[in-house]
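A.B. asks: Submitted below is the structure of interest, expressed as C-alpha cells.
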Amino acid sequence: MDSKKKTLLIVLAVIVVLVIAGYSFFAGNYNKFVKMDVGIKAAWSQVENQLQRRYDLIPNLVETVKGYAKQEHDVLVEVTNARSKVGGAGTVPDKIAANNQLSGALSRLMVVVERYPDLKSNQNFMKLQDELAGTENRIAVERMRYNETVKIYNEAIRSFPANILAGMYGFKEAAFFEAPKDAKVAPKIKF
C-alpha cells in the first residue's frame, strides 16, 4: 500500500469517527432532553392529580364551614374565587399562581375555623379537614418531585455543550413550582 492510500484511509477513518461521535452526541442528548421533558410532564401530572383532589374537596369544606360561620362571608368568597381561578388556569405558570392563591385562601379559612369550637368538633368537618391535610401533604411531595425533575432538566439543557443542541431544537427551561411570598408568614389566629 502506498502512502497516498494509507493517508486517505486514515482521513476517512477520522471522518467516520467524527461523524459517529457527532451523531452520538446529537442523538444521545436530543433523546435525553425528550425523556426529561416527558418526565417533567409526568411529574406535573402527579401534581395536578393532587391539586384536583384538593379542588374537589373544597366545596364540601366551604359548605360545612358556611353552616357555622355565616358572618365569615368574605373568607368563603375568597376561597371560592381562588378555586374558580384554579379551574380556569391554562398554562403551568398560571396553574402554579392560581394554586398558590388557593393555598393562601385555605390557610385564611383555617384561621376562621379556629374561632368556632363547635365546628372543630363536627365529625364531617374533621373528616374533611383530615382529607385536606392529607392532600396538602401529597401536594407537597409531588411538588418536590416535580421541582427535582425540573432542576435536572434545566441543568441538562443549560450545560455546555448540550445547551447548543437544546437551543437548536427549542428545548426551553421549565417553570419551578414556587411557594408564594406570603407563604413565609404564618397566619395569625385571634380569639
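By order in the C-alpha cells, chains are A, B, ...; within a chain, residues start at 1; ligands start at 1, following the order shown.
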Give one line per residue of region 51-160 of chain A that approaches region 18-29 of chain A to at most 12 Å, naming the two atoms of the closest pair and their distance in Å to one decimal, counting only C-alpha atoms; sort by chain then ascending residue number and deliver it as CSV.
C.D. replies:
```
residue,atom,partner,partner_atom,distance
A:Tyr153,CA,A:Asn29,CA,11.5
A:Ala156,CA,A:Asn29,CA,9.0
A:Ile157,CA,A:Asn29,CA,9.1
A:Ser159,CA,A:Asn29,CA,11.1
A:Phe160,CA,A:Asn29,CA,11.4
```
A.B. asks: Counting only C-alpha atoms, which of A:Leu51, A:Val17, A:Ala166, A:Leu9 gets nearest to Glu142 (chain A)?
C.D. replies: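 Among A:Leu51, A:Val17, A:Ala166, A:Leu9, it is A:Leu51 that comes nearest to Glu142 (chain A).
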A.B. asks: Give me the region 5-55 of chain A side of the contact with region 97-110 of chain A, cut-off 12 Å, one line per residue showing its nearest atom pair and distance in Å at one decimal, counting only C-alpha atoms, sorted by chain and residue number, as JSON lines.
C.D. replies:
```
{"residue": "A:Val47", "atom": "CA", "partner": "A:Asn99", "partner_atom": "CA", "distance": 10.8}
{"residue": "A:Glu48", "atom": "CA", "partner": "A:Asn99", "partner_atom": "CA", "distance": 10.0}
{"residue": "A:Gln50", "atom": "CA", "partner": "A:Asn99", "partner_atom": "CA", "distance": 11.2}
{"residue": "A:Leu51", "atom": "CA", "partner": "A:Asn99", "partner_atom": "CA", "distance": 7.7}
{"residue": "A:Gln52", "atom": "CA", "partner": "A:Asn99", "partner_atom": "CA", "distance": 10.3}
{"residue": "A:Arg54", "atom": "CA", "partner": "A:Leu102", "partner_atom": "CA", "distance": 9.8}
{"residue": "A:Tyr55", "atom": "CA", "partner": "A:Leu102", "partner_atom": "CA", "distance": 9.1}
```
A.B. asks: For CA of Glu173 (chain A) and CA of Gln46 (chain A), quote the distance in Å rounded to one decimal.
C.D. replies: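 It comes out at 19.5 Å.
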A.B. asks: Write out, as a tab-separated table, each residue of region 4-66 of chain A that has an atom at most 9 Å from region 126-129 of chain A, together with the closest pair of atoms and their distance in Å to one decimal, counting only C-alpha atoms, rows going by chain and rising number.
C.D. replies:
```
residue	atom	partner	partner_atom	distance
A:Leu57	CA	A:Leu128	CA	7.3
A:Ile58	CA	A:Leu128	CA	8.7
A:Asn60	CA	A:Leu128	CA	7.5
A:Leu61	CA	A:Leu128	CA	6.2
A:Thr64	CA	A:Leu128	CA	8.9
```
A.B. asks: Give me every helix (DSSP H, G or I) residue in region 17-180 of chain A, going by DSSP on the backbone, as JSON, numbers by chain.
C.D. replies: {"A": [17, 18, 19, 20, 21, 22, 23, 24, 25, 26, 27, 28, 29, 30, 31, 32, 33, 34, 35, 36, 37, 38, 39, 40, 41, 42, 43, 44, 45, 46, 47, 48, 49, 50, 51, 52, 53, 54, 55, 56, 57, 58, 59, 60, 61, 62, 63, 64, 65, 66, 67, 68, 73, 74, 75, 76, 77, 78, 79, 80, 81, 82, 83, 84, 85, 86, 87, 88, 92, 93, 94, 95, 96, 97, 98, 99, 100, 101, 102, 103, 104, 105, 106, 107, 108, 109, 110, 111, 112, 113, 117, 118, 119, 120, 121, 123, 124, 125, 126, 127, 128, 129, 130, 131, 132, 133, 134, 135, 136, 137, 138, 139, 140, 141, 142, 143, 144, 145, 146, 147, 148, 149, 150, 151, 152, 153, 154, 155, 156, 157, 158, 162, 163, 164, 165, 166, 167, 168]}
A.B. asks: When you count only C-alpha atoms, which of these residues is closest to Asp37 (chain A): A:Gly87, A:Lys172, A:Val62, A:Leu165?
C.D. replies: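 Nearest to Asp37 (chain A): A:Lys172.
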